[in-house]
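Asker: Dropping in query_8.cif, with mmCIF, C-alpha atoms and all ligand atoms.
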```
data_run
#
loop_
_atom_site.label_atom_id
_atom_site.label_comp_id
_atom_site.auth_asym_id
_atom_site.auth_seq_id
_atom_site.Cartn_x
_atom_site.Cartn_y
_atom_site.Cartn_z
CA MET A 1 -24.55 -4.43 -23.37
CA ILE A 2 -21.09 -3.64 -24.66
CA ILE A 3 -20.03 -2.17 -27.98
CA ILE A 4 -16.51 -2.90 -29.17
CA LEU A 5 -15.29 -0.24 -31.58
CA LYS A 6 -12.93 -0.70 -34.50
CA ASP A 7 -9.43 0.82 -34.19
CA ASN A 8 -9.34 4.61 -34.52
CA PRO A 9 -13.09 5.21 -34.84
CA GLU A 10 -14.05 8.29 -36.84
CA GLU A 11 -14.79 11.02 -34.28
CA LYS A 12 -17.97 12.37 -35.86
CA GLN A 13 -19.52 8.91 -36.11
CA LEU A 14 -18.55 8.11 -32.52
CA ASP A 15 -20.13 11.36 -31.41
CA ASN A 16 -23.35 10.55 -33.30
CA LEU A 17 -23.48 7.07 -31.75
CA THR A 18 -22.87 8.49 -28.26
CA GLN A 19 -25.62 11.11 -28.62
CA TRP A 20 -28.05 8.54 -29.99
CA LEU A 21 -27.45 6.15 -27.07
CA LYS A 22 -27.78 9.00 -24.58
CA SER A 23 -31.09 9.97 -26.16
CA MET A 24 -32.29 6.50 -25.10
CA ASP A 25 -31.49 7.39 -21.47
CA LEU A 26 -28.41 5.19 -21.39
CA ASP A 27 -25.21 6.08 -19.55
CA ILE A 28 -21.99 5.13 -21.29
CA HIS A 29 -18.85 3.87 -19.65
CA PHE A 30 -15.81 4.13 -21.96
CA SER A 31 -12.89 1.78 -21.49
CA THR A 32 -9.97 2.75 -23.71
CA GLY A 33 -7.23 0.17 -24.04
CA GLU A 34 -4.08 0.19 -26.12
CA ASN A 35 -5.84 -1.15 -29.21
CA THR A 36 -9.54 -1.27 -28.49
CA THR A 37 -12.20 1.05 -27.17
CA ILE A 38 -15.15 -0.54 -25.44
CA MET A 39 -18.41 1.25 -24.65
CA GLY A 40 -20.36 -0.17 -21.74
CA LEU A 41 -24.04 0.78 -21.83
CA ILE A 42 -25.65 1.29 -18.44
CA GLY A 43 -29.42 1.38 -18.18
CA ASP A 44 -32.27 -0.39 -19.90
CA THR A 45 -30.62 -1.76 -23.02
CA SER A 46 -33.72 -3.67 -24.07
CA VAL A 47 -34.60 -0.59 -26.16
CA VAL A 48 -31.40 -0.88 -28.21
CA ASP A 49 -31.50 -2.49 -31.65
CA ILE A 50 -28.28 -4.53 -31.92
CA ASP A 51 -28.52 -4.87 -35.70
CA LEU A 52 -28.66 -1.11 -36.17
CA ILE A 53 -25.50 -0.66 -34.10
CA MET A 54 -23.72 -3.56 -35.82
CA ALA A 55 -24.35 -1.88 -39.16
CA LEU A 56 -22.28 1.17 -38.19
CA ASP A 57 -18.83 1.53 -39.78
CA ILE A 58 -17.04 2.18 -36.48
CA VAL A 59 -18.44 -0.87 -34.70
CA GLN A 60 -16.56 -4.16 -34.55
CA ALA A 61 -18.91 -6.13 -32.31
CA VAL A 62 -21.90 -5.77 -30.01
CA LYS A 63 -22.59 -8.11 -27.11
CA ARG A 64 -25.47 -8.32 -24.77
CA ILE A 65 -24.19 -9.26 -21.36
CA SER A 66 -26.45 -10.51 -18.67
CA GLU A 67 -24.53 -9.25 -15.63
CA PRO A 68 -26.15 -6.20 -14.09
CA TYR A 69 -22.79 -4.91 -12.84
CA LYS A 70 -20.70 -2.85 -15.24
CA ASN A 71 -17.99 -1.06 -13.28
CA VAL A 72 -16.74 -4.17 -11.53
CA ASN A 73 -17.09 -6.35 -14.61
CA ARG A 74 -13.90 -7.73 -16.11
CA LYS A 75 -15.50 -7.59 -19.54
CA PHE A 76 -15.26 -3.78 -19.47
CA HIS A 77 -11.96 -3.66 -17.67
CA PRO A 78 -9.87 -6.68 -18.62
CA LYS A 79 -6.78 -5.60 -16.67
CA ASP A 80 -6.55 -6.38 -12.95
CA THR A 81 -7.13 -3.41 -10.69
CA ILE A 82 -4.23 -2.71 -8.37
CA VAL A 83 -5.15 -0.91 -5.15
CA ASP A 84 -2.17 0.99 -3.79
CA ILE A 85 -2.24 1.68 -0.05
CA ALA A 86 0.67 3.91 0.86
CA GLY A 87 2.91 1.92 -1.48
CA ASN A 88 1.49 -1.48 -0.46
CA LYS A 89 -0.16 -2.82 -3.59
CA ILE A 90 -2.92 -5.42 -3.74
CA GLY A 91 -3.99 -7.08 -7.00
CA GLY A 92 -2.45 -7.59 -10.42
CA GLY A 93 0.23 -9.92 -9.08
CA ASN A 94 0.73 -8.09 -5.79
CA PHE A 95 -0.06 -10.03 -2.61
CA GLN A 96 -0.55 -8.46 0.83
CA ILE A 97 -1.19 -9.85 4.27
CA ILE A 98 -3.36 -7.80 6.60
CA ALA A 99 -3.02 -8.91 10.22
CA GLY A 100 -3.95 -7.75 13.69
CA PRO A 101 -6.36 -8.32 16.54
CA CYS A 102 -10.09 -8.73 16.17
CA SER A 103 -10.53 -5.69 18.39
CA VAL A 104 -8.44 -2.90 19.75
CA GLU A 105 -8.21 -3.44 23.51
CA SER A 106 -5.46 -1.15 24.83
CA LYS A 107 -2.52 0.93 23.65
CA ASP A 108 -0.01 -1.68 24.79
CA GLN A 109 -1.90 -4.52 23.07
CA VAL A 110 -2.41 -2.73 19.77
CA CYS A 111 1.15 -1.39 19.49
CA ARG A 112 2.74 -4.68 20.53
CA ILE A 113 0.82 -6.77 18.00
CA ALA A 114 1.55 -4.20 15.26
CA ARG A 115 5.28 -4.57 15.88
CA ASP A 116 5.04 -8.36 15.89
CA VAL A 117 2.98 -8.74 12.71
CA LYS A 118 5.16 -6.24 10.89
CA ALA A 119 8.27 -8.19 11.84
CA ALA A 120 6.59 -11.36 10.57
CA GLY A 121 5.76 -9.83 7.17
CA ALA A 122 2.32 -8.18 7.36
CA GLY A 123 1.94 -5.23 4.99
CA LEU A 124 -1.16 -3.74 6.63
CA TYR A 125 -2.54 -3.68 10.16
CA ARG A 126 -6.13 -4.51 11.12
CA GLY A 127 -8.01 -3.93 14.36
CA GLY A 128 -11.67 -3.36 15.14
CA ALA A 129 -12.67 -0.19 16.94
CA PHE A 130 -16.39 -0.52 16.17
CA LYS A 131 -17.37 -4.17 16.60
CA PRO A 132 -20.50 -5.80 15.16
CA ARG A 133 -21.42 -8.33 17.87
CA THR A 134 -24.32 -10.75 17.87
CA SER A 135 -25.06 -9.94 21.52
CA PRO A 136 -25.63 -6.37 22.70
CA TYR A 137 -24.01 -7.43 26.01
CA ALA A 138 -20.71 -8.44 24.37
CA PHE A 139 -17.74 -6.05 24.09
CA GLN A 140 -18.72 -3.47 21.48
CA GLY A 141 -15.23 -2.10 20.77
CA MET A 142 -13.40 0.99 22.01
CA ARG A 143 -15.02 3.08 19.27
CA GLU A 144 -13.43 6.54 18.79
CA GLU A 145 -10.72 5.80 21.36
CA GLY A 146 -9.98 2.58 19.44
CA ILE A 147 -9.39 4.56 16.24
CA ASN A 148 -7.02 6.88 18.13
CA LEU A 149 -5.05 3.87 19.39
CA LEU A 150 -4.85 2.45 15.87
CA MET A 151 -3.33 5.77 14.79
CA GLU A 152 -0.70 5.37 17.51
CA ALA A 153 0.07 1.87 16.26
CA LYS A 154 0.36 3.26 12.73
CA LYS A 155 2.77 5.95 13.90
CA GLU A 156 4.91 3.41 15.77
CA SER A 157 4.91 0.60 13.23
CA GLY A 158 4.49 2.48 9.95
CA LEU A 159 1.81 -0.02 8.88
CA PRO A 160 -1.27 1.36 7.09
CA ILE A 161 -4.52 0.77 9.02
CA VAL A 162 -7.60 -1.23 8.02
CA THR A 163 -10.63 -0.86 10.29
CA GLU A 164 -14.36 -1.38 10.08
CA VAL A 165 -17.01 1.30 9.83
CA MET A 166 -20.46 0.29 11.05
CA ASP A 167 -22.41 3.47 10.55
CA ILE A 168 -22.37 6.32 8.08
CA SER A 169 -22.46 8.85 10.97
CA HIS A 170 -19.02 7.64 12.17
CA LEU A 171 -17.24 8.21 8.86
CA HIS A 172 -15.70 11.52 9.95
CA LEU A 173 -13.60 9.53 12.46
CA PHE A 174 -12.00 7.53 9.61
CA GLU A 175 -10.16 10.40 7.93
CA ASP A 176 -6.68 9.04 8.76
CA VAL A 177 -7.63 5.38 8.33
CA ASP A 178 -5.99 3.94 5.20
CA VAL A 179 -8.59 1.31 4.27
CA ILE A 180 -12.21 1.37 5.41
CA GLN A 181 -13.62 -2.09 6.02
CA VAL A 182 -17.28 -2.87 5.38
CA GLY A 183 -18.07 -5.95 7.44
CA ALA A 184 -20.13 -8.93 6.36
CA ARG A 185 -23.19 -7.64 8.20
CA ASN A 186 -23.09 -4.34 6.34
CA MET A 187 -22.40 -5.68 2.86
CA GLN A 188 -25.86 -4.60 1.77
CA ASN A 189 -26.06 -1.34 3.71
CA PHE A 190 -26.62 0.50 0.46
CA GLU A 191 -26.61 4.03 1.89
CA LEU A 192 -23.21 3.32 3.49
CA LEU A 193 -21.91 1.86 0.22
CA LYS A 194 -23.10 4.93 -1.71
CA GLU A 195 -21.35 7.25 0.75
CA LEU A 196 -18.11 5.23 0.46
CA GLY A 197 -18.48 5.49 -3.30
CA ARG A 198 -18.20 9.26 -2.99
CA MET A 199 -14.96 9.00 -1.00
CA ASP A 200 -11.44 8.70 -2.35
CA LYS A 201 -10.33 5.95 0.02
CA PRO A 202 -9.75 2.22 -0.45
CA VAL A 203 -12.64 0.07 0.75
CA LEU A 204 -12.33 -3.55 1.89
CA LEU A 205 -15.72 -5.10 1.25
CA LYS A 206 -16.42 -8.38 3.04
CA ARG A 207 -18.86 -10.89 1.64
CA GLY A 208 -22.19 -11.07 3.50
CA LEU A 209 -22.90 -14.12 5.65
CA SER A 210 -25.46 -15.48 3.19
CA SER A 211 -24.73 -13.48 0.08
CA THR A 212 -24.33 -14.87 -3.40
CA LEU A 213 -21.36 -13.80 -5.48
CA LYS A 214 -23.70 -11.77 -7.66
CA GLU A 215 -24.98 -9.86 -4.63
CA PHE A 216 -21.37 -9.39 -3.47
CA LEU A 217 -20.40 -7.93 -6.82
CA MET A 218 -23.49 -5.71 -6.90
CA SER A 219 -22.44 -4.25 -3.54
CA ALA A 220 -18.99 -3.50 -4.97
CA GLU A 221 -20.80 -1.96 -7.94
CA TYR A 222 -22.56 0.47 -5.56
CA ILE A 223 -19.18 1.78 -4.40
CA MET A 224 -17.71 1.97 -7.89
CA ALA A 225 -20.83 3.57 -9.35
CA GLY A 226 -20.17 6.54 -7.06
CA GLY A 227 -16.70 6.97 -8.56
CA ASN A 228 -14.54 5.15 -6.01
CA GLU A 229 -12.52 2.56 -7.90
CA LYS A 230 -10.42 1.38 -4.95
CA VAL A 231 -12.39 -1.65 -3.88
CA ILE A 232 -10.93 -4.89 -2.47
CA LEU A 233 -13.20 -7.92 -2.09
CA CYS A 234 -12.85 -10.27 0.87
CA GLU A 235 -14.21 -13.82 0.97
CA ARG A 236 -14.72 -14.63 4.67
CA GLY A 237 -16.83 -17.77 4.63
CA ILE A 238 -20.56 -18.20 4.26
CA ARG A 239 -23.39 -19.77 6.26
CA THR A 240 -24.05 -23.41 5.38
CA PHE A 241 -25.62 -26.36 7.20
CA GLU A 242 -22.19 -27.18 8.65
CA THR A 243 -21.66 -26.12 12.25
CA ALA A 244 -18.22 -27.67 12.90
CA THR A 245 -16.61 -24.51 11.55
CA ARG A 246 -17.86 -20.97 12.20
CA ASN A 247 -18.52 -20.50 8.49
CA THR A 248 -17.70 -22.46 5.34
CA LEU A 249 -14.81 -21.02 3.35
CA ASP A 250 -15.90 -20.75 -0.27
CA LEU A 251 -12.55 -21.36 -1.95
CA ALA A 252 -14.09 -21.63 -5.42
CA ALA A 253 -15.28 -18.05 -5.01
CA ILE A 254 -11.68 -16.87 -5.41
CA PRO A 255 -11.05 -17.98 -9.01
CA LEU A 256 -14.68 -17.36 -9.94
CA LEU A 257 -14.67 -13.79 -8.65
CA LYS A 258 -11.40 -13.20 -10.45
CA GLU A 259 -12.97 -14.37 -13.68
CA LYS A 260 -15.91 -12.03 -13.23
CA THR A 261 -14.18 -8.95 -11.86
CA HIS A 262 -10.90 -7.08 -12.16
CA LEU A 263 -10.97 -6.16 -8.45
CA PRO A 264 -8.49 -7.75 -6.04
CA VAL A 265 -9.84 -10.67 -4.00
CA ILE A 266 -8.47 -11.49 -0.56
CA VAL A 267 -9.43 -14.18 1.94
CA ASP A 268 -10.06 -14.07 5.70
CA PRO A 269 -9.40 -17.62 6.96
CA SER A 270 -9.93 -16.54 10.59
CA HIS A 271 -13.63 -15.66 10.38
CA ALA A 272 -14.12 -18.33 7.71
CA THR A 273 -13.20 -21.13 10.12
CA GLY A 274 -13.36 -19.73 13.65
CA ILE A 275 -10.60 -22.19 14.65
CA ALA A 276 -6.96 -21.12 14.99
CA SER A 277 -5.53 -24.48 13.84
CA LEU A 278 -7.40 -24.22 10.53
CA VAL A 279 -6.07 -20.77 9.65
CA LYS A 280 -2.73 -21.97 8.24
CA PRO A 281 -4.10 -24.67 5.89
CA MET A 282 -6.88 -22.37 4.68
CA ALA A 283 -4.46 -19.47 4.18
CA MET A 284 -2.26 -21.77 2.07
CA ALA A 285 -5.29 -23.00 0.13
CA ALA A 286 -6.42 -19.42 -0.54
CA ALA A 287 -2.97 -18.45 -1.82
CA ALA A 288 -2.89 -21.55 -4.03
CA ALA A 289 -6.36 -20.71 -5.39
CA GLY A 290 -5.13 -17.32 -6.59
CA ALA A 291 -6.11 -14.90 -3.81
CA ASP A 292 -4.44 -11.48 -3.87
CA GLY A 293 -4.00 -11.39 -0.12
CA LEU A 294 -5.10 -12.53 3.30
CA MET A 295 -6.62 -11.01 6.40
CA ILE A 296 -5.62 -12.88 9.56
CA GLU A 297 -6.49 -12.25 13.21
CA VAL A 298 -3.48 -12.18 15.54
CA HIS A 299 -3.46 -11.62 19.31
CA ASN A 300 -0.61 -11.55 21.83
CA ASP A 301 -2.78 -13.53 24.29
CA PRO A 302 -5.58 -15.29 22.37
CA ALA A 303 -6.95 -17.01 25.48
CA HIS A 304 -7.78 -13.61 26.99
CA ALA A 305 -8.81 -11.75 23.82
CA LEU A 306 -11.99 -9.71 24.26
CA CYS A 307 -13.27 -10.99 20.93
CA ASP A 308 -12.56 -14.01 18.67
CA GLY A 309 -9.73 -15.52 20.71
CA ALA A 310 -10.48 -19.05 19.45
CA GLN A 311 -9.58 -18.10 15.89
CA SER A 312 -6.69 -15.76 16.73
CA LEU A 313 -3.09 -16.78 16.11
CA THR A 314 -0.18 -15.87 18.34
CA PRO A 315 2.50 -13.75 16.62
CA ALA A 316 4.72 -16.87 16.37
CA GLN A 317 1.94 -18.88 14.72
CA PHE A 318 1.31 -15.98 12.37
CA ALA A 319 4.98 -15.86 11.38
CA ASP A 320 4.77 -19.58 10.56
CA VAL A 321 1.70 -18.97 8.34
CA VAL A 322 3.51 -16.19 6.46
CA LYS A 323 6.42 -18.52 5.74
CA ALA A 324 4.11 -21.29 4.52
CA VAL A 325 2.14 -18.91 2.29
CA ASN A 326 5.31 -17.47 0.79
CA LEU A 327 6.33 -20.96 -0.32
CA ILE A 328 3.10 -21.28 -2.27
CA LEU A 329 3.08 -17.86 -3.92
CA PRO A 330 4.51 -17.51 -7.41
CA HIS A 331 7.98 -15.99 -7.35
CA ALA A 332 8.00 -12.27 -6.45
CA PHE A 333 4.24 -12.19 -5.84
CA ARG A 334 4.43 -9.72 -2.95
CA GLY A 335 3.33 -6.10 -3.41
C1 LIG B 1 -13.89 -8.46 11.28
O1 LIG B 1 -13.14 -8.60 10.30
O2 LIG B 1 -13.54 -7.97 12.35
C2 LIG B 1 -15.28 -8.96 11.19
C3 LIG B 1 -16.19 -8.63 12.09
O3 LIG B 1 -15.47 -9.78 10.14
P1 LIG B 1 -16.82 -10.16 9.35
O4 LIG B 1 -17.51 -8.86 9.03
O5 LIG B 1 -16.30 -10.89 8.17
O6 LIG B 1 -17.63 -11.03 10.28
MN MN B 2 -13.06 -11.04 14.60
#
```
Can the structure from this file be put into structure tokens for me?
Answerer:
Amino acid sequence: MIIILKDNPEEKQLDNLTQWLKSMDLDIHFSTGENTTIMGLIGDTSVVDIDLIMALDIVQAVKRISEPYKNVNRKFHPKDTIVDIAGNKIGGGNFQIIAGPCSVESKDQVCRIARDVKAAGAGLYRGGAFKPRTSPYAFQGMREEGINLLMEAKKESGLPIVTEVMDISHLHLFEDVDVIQVGARNMQNFELLKELGRMDKPVLLKRGLSSTLKEFLMSAEYIMAGGNEKVILCERGIRTFETATRNTLDLAAIPLLKEKTHLPVIVDPSHATGIASLVKPMAMAAAAAGADGLMIEVHNDPAHALCDGAQSLTPAQFADVVKAVNLILPHAFRG
């Protein structure tokens, strides 16, 4: 439920209203804009009598809203959230491309690709050190050593680092990482989300393989409820009956999420399709649909990549995608 207050509400009356709502075990989230103050009530609002609140002098309107998420809800926070990563902004008209290999494989590989994607126009660098693999016999990532190599690539290229955490017990290794990624398989690891909510670090939250948009937003709500407002959503394709592509890219999720939330929404066309030749058209489609950025897998030698080579672009192919995407973006839409 939200309560929209009249301009300049009388302080004593506002205090009385606040105390009364709190006495009903409700938490209150205040959103103060230039002209309007909105109170978002968190908790069981079924006990609240709308007519009684409407009758108060300081109240302009009361609305029951059905969404169970408050912090991520655009209704409480109409302005786009801009997440600033070392000066690279995402959201609110700022577009960023995150690129890099699926996994960190060696110092030479990770530093070389960082240089190449930076030259082509990437604003952030990705690379997996901890890899969630379907098979326990597949390459599991270089783990701590992989994070160290990413730090070398950061030092050399100057690009901020995005990398995935798989377990809460590894979080101490992510101190110098710029953006912590929560992968699709961990989207509903609620204890991990709560811990990330207590941190002051941007989180890139990927949509679960079979998660609805409501579940996706509720997971973002977990992080924001802990006080961390720097959340970026990533649509990366969902499971459908179709097997021709690795996943099915849910393009409609982009404008729909942006209607429902103020958080930036980016798209990963690499995992969404699993096929390198489809990355460019899907990246262009995502940009045209209003995404705030892209995450694209790039490898210097896709045929020999230890993970996800089939969907990885060469640096030259990546440069071509950046050019094509820039043609689609509204003028000056780069953070
Ligand atoms: C990744 O980005 O490396 C990854 C594993 O993606 P997802 O969690 O979307 O499968
Ligand atoms: Mn991958």
Asker: Give me, as CSV, the closest atom pair and its distance (Å, one decimal) for every residue of chain A within a cut-off of 10 Å of ligand LIG 1 (chain B), counting all atoms listed in the file, rows sorted by chain and rising number.
Answerer:
```
residue,atom,partner,partner_atom,distance
A:Gly100,CA,B:LIG1,O2,9.7
A:Pro101,CA,B:LIG1,O2,8.3
A:Cys102,CA,B:LIG1,O2,5.2
A:Ser103,CA,B:LIG1,O2,7.1
A:Arg126,CA,B:LIG1,O1,8.2
A:Gly127,CA,B:LIG1,O2,7.1
A:Gly128,CA,B:LIG1,O2,5.7
A:Ala129,CA,B:LIG1,O2,9.1
A:Phe130,CA,B:LIG1,O2,8.8
A:Lys131,CA,B:LIG1,C3,6.5
A:Pro132,CA,B:LIG1,C3,6.0
A:Arg133,CA,B:LIG1,C3,7.8
A:Val162,CA,B:LIG1,O1,9.5
A:Thr163,CA,B:LIG1,O2,8.0
A:Glu164,CA,B:LIG1,O2,7.0
A:Met166,CA,B:LIG1,O4,9.8
A:Gln181,CA,B:LIG1,O1,7.8
A:Val182,CA,B:LIG1,O4,7.0
A:Gly183,CA,B:LIG1,O4,3.4
A:Ala184,CA,B:LIG1,O4,3.7
A:Arg185,CA,B:LIG1,O4,5.9
A:Asn186,CA,B:LIG1,O4,7.7
A:Met187,CA,B:LIG1,O4,8.5
A:Leu204,CA,B:LIG1,O1,9.8
A:Leu205,CA,B:LIG1,O4,8.8
A:Lys206,CA,B:LIG1,O5,5.7
A:Arg207,CA,B:LIG1,O5,7.0
A:Gly208,CA,B:LIG1,O5,7.5
A:Leu209,CA,B:LIG1,O6,7.7
A:Cys234,CA,B:LIG1,O5,8.1
A:Glu235,CA,B:LIG1,O5,8.0
A:Arg236,CA,B:LIG1,O5,5.4
A:Gly237,CA,B:LIG1,O5,7.8
A:Ile238,CA,B:LIG1,O5,9.3
A:Asn247,CA,B:LIG1,O6,9.7
A:Val267,CA,B:LIG1,O5,9.8
A:Asp268,CA,B:LIG1,O5,7.4
A:Pro269,CA,B:LIG1,O5,9.7
A:Ser270,CA,B:LIG1,O1,8.6
A:His271,CA,B:LIG1,O5,5.9
A:Ala272,CA,B:LIG1,O5,7.8
A:Met295,CA,B:LIG1,O1,8.0
A:Ile296,CA,B:LIG1,O1,8.7
A:Glu297,CA,B:LIG1,O1,8.1
A:Cys307,CA,B:LIG1,O2,9.1
A:Asp308,CA,B:LIG1,O2,8.8
```
Asker: Quick check, in Å to one decimal: how far apart do CA of Pro202 (chain A) and CA of Ser106 (chain A) lie?
Answerer: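 Going from CA of Pro202 (chain A) over to CA of Ser106 (chain A), I get 25.9 Å.
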Asker: Report, in Å with one decimal, the straight-line distance from CA of Asn73 (chain A) to CA of Leu263 (chain A).
Answerer: 8.7 Å
Asker: Given the choices A:Ala99, A:Ala252, A:Leu17, A:Leu193, which gets closest to ligand MN 2 (chain B) if the distance is worked out from only C-alpha atoms and all ligand atoms?
Answerer: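 So, comparing all the options, the nearest one is A:Ala99.
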Asker: Do you know which residues are at most 10 Å from Ser277 (chain A) counting only C-alpha atoms, after dropping those on the same chain fewer than 4 positions away, and could you put them as a VMD selection string?
Answerer: chain A and resid 270 273 281 to 282 310 to 313 317
Asker: I'd like the interatomic distance between CA of Phe76 (chain A) and CA of Ile2 (chain A), to a tenth of an Å.
Answerer: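 CA of Ile2 (chain A) lies at a distance of 7.8 Å from CA of Phe76 (chain A).
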Asker: Would you please work out which residue, of A:Leu21, A:Leu192, A:Ile4, A:Leu306, is nearest to ligand MN 2 (chain B) when using all atoms listed in the file?
Answerer: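 Of A:Leu21, A:Leu192, A:Ile4, A:Leu306, the one nearest ligand MN 2 (chain B) is A:Leu306, counting all atoms listed in the file.
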Asker: Around the point (-5.1, -1.0, 7.5), in the coordinates given by the file, pick out the residues reaching within 6 Å, counting only C-alpha atoms, and return them as number ranges by chain.
Answerer: A: 124-126, 160-162, 178-179
Asker: Measuring atom to atom with all atoms listed in the file, identify which of A:Ala55, A:Ala316, A:Val231, A:Ile275 is nearest to ligand MN 2 (chain B).
Answerer: A:Ile275
Asker: Near Ile266 (chain A), within 8 Å and counting all atoms listed in the file, which residues show up once chain neighbours fewer than 6 positions away are dropped, as an mmCIF file with C-alpha atoms, in the coordinates of the input?
Answerer:
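The resulting file, around_33.cif, is reproduced below:
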```cif
data_model
loop_
_atom_site.group_PDB
_atom_site.id
_atom_site.type_symbol
_atom_site.label_atom_id
_atom_site.label_comp_id
_atom_site.auth_asym_id
_atom_site.auth_seq_id
_atom_site.Cartn_x
_atom_site.Cartn_y
_atom_site.Cartn_z
ATOM 1 C CA ILE A 232 -10.930 -4.890 -2.470
ATOM 2 C CA LEU A 233 -13.200 -7.920 -2.090
ATOM 3 C CA CYS A 234 -12.850 -10.270 0.870
ATOM 4 C CA GLU A 235 -14.210 -13.820 0.970
ATOM 5 C CA ILE A 254 -11.680 -16.870 -5.410
ATOM 6 C CA ALA A 291 -6.110 -14.900 -3.810
ATOM 7 C CA ASP A 292 -4.440 -11.480 -3.870
ATOM 8 C CA GLY A 293 -4.000 -11.390 -0.120
ATOM 9 C CA LEU A 294 -5.100 -12.530 3.300
ATOM 10 C CA MET A 295 -6.620 -11.010 6.400
#
```
Asker: With distances taken over only C-alpha atoms and all ligand atoms, which of A:Ala153, A:Leu196, A:Gly309, A:Gly40 is nearest to ligand MN 2 (chain B)?
Answerer: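 Closest to ligand MN 2 (chain B) of all the choices is A:Gly309.
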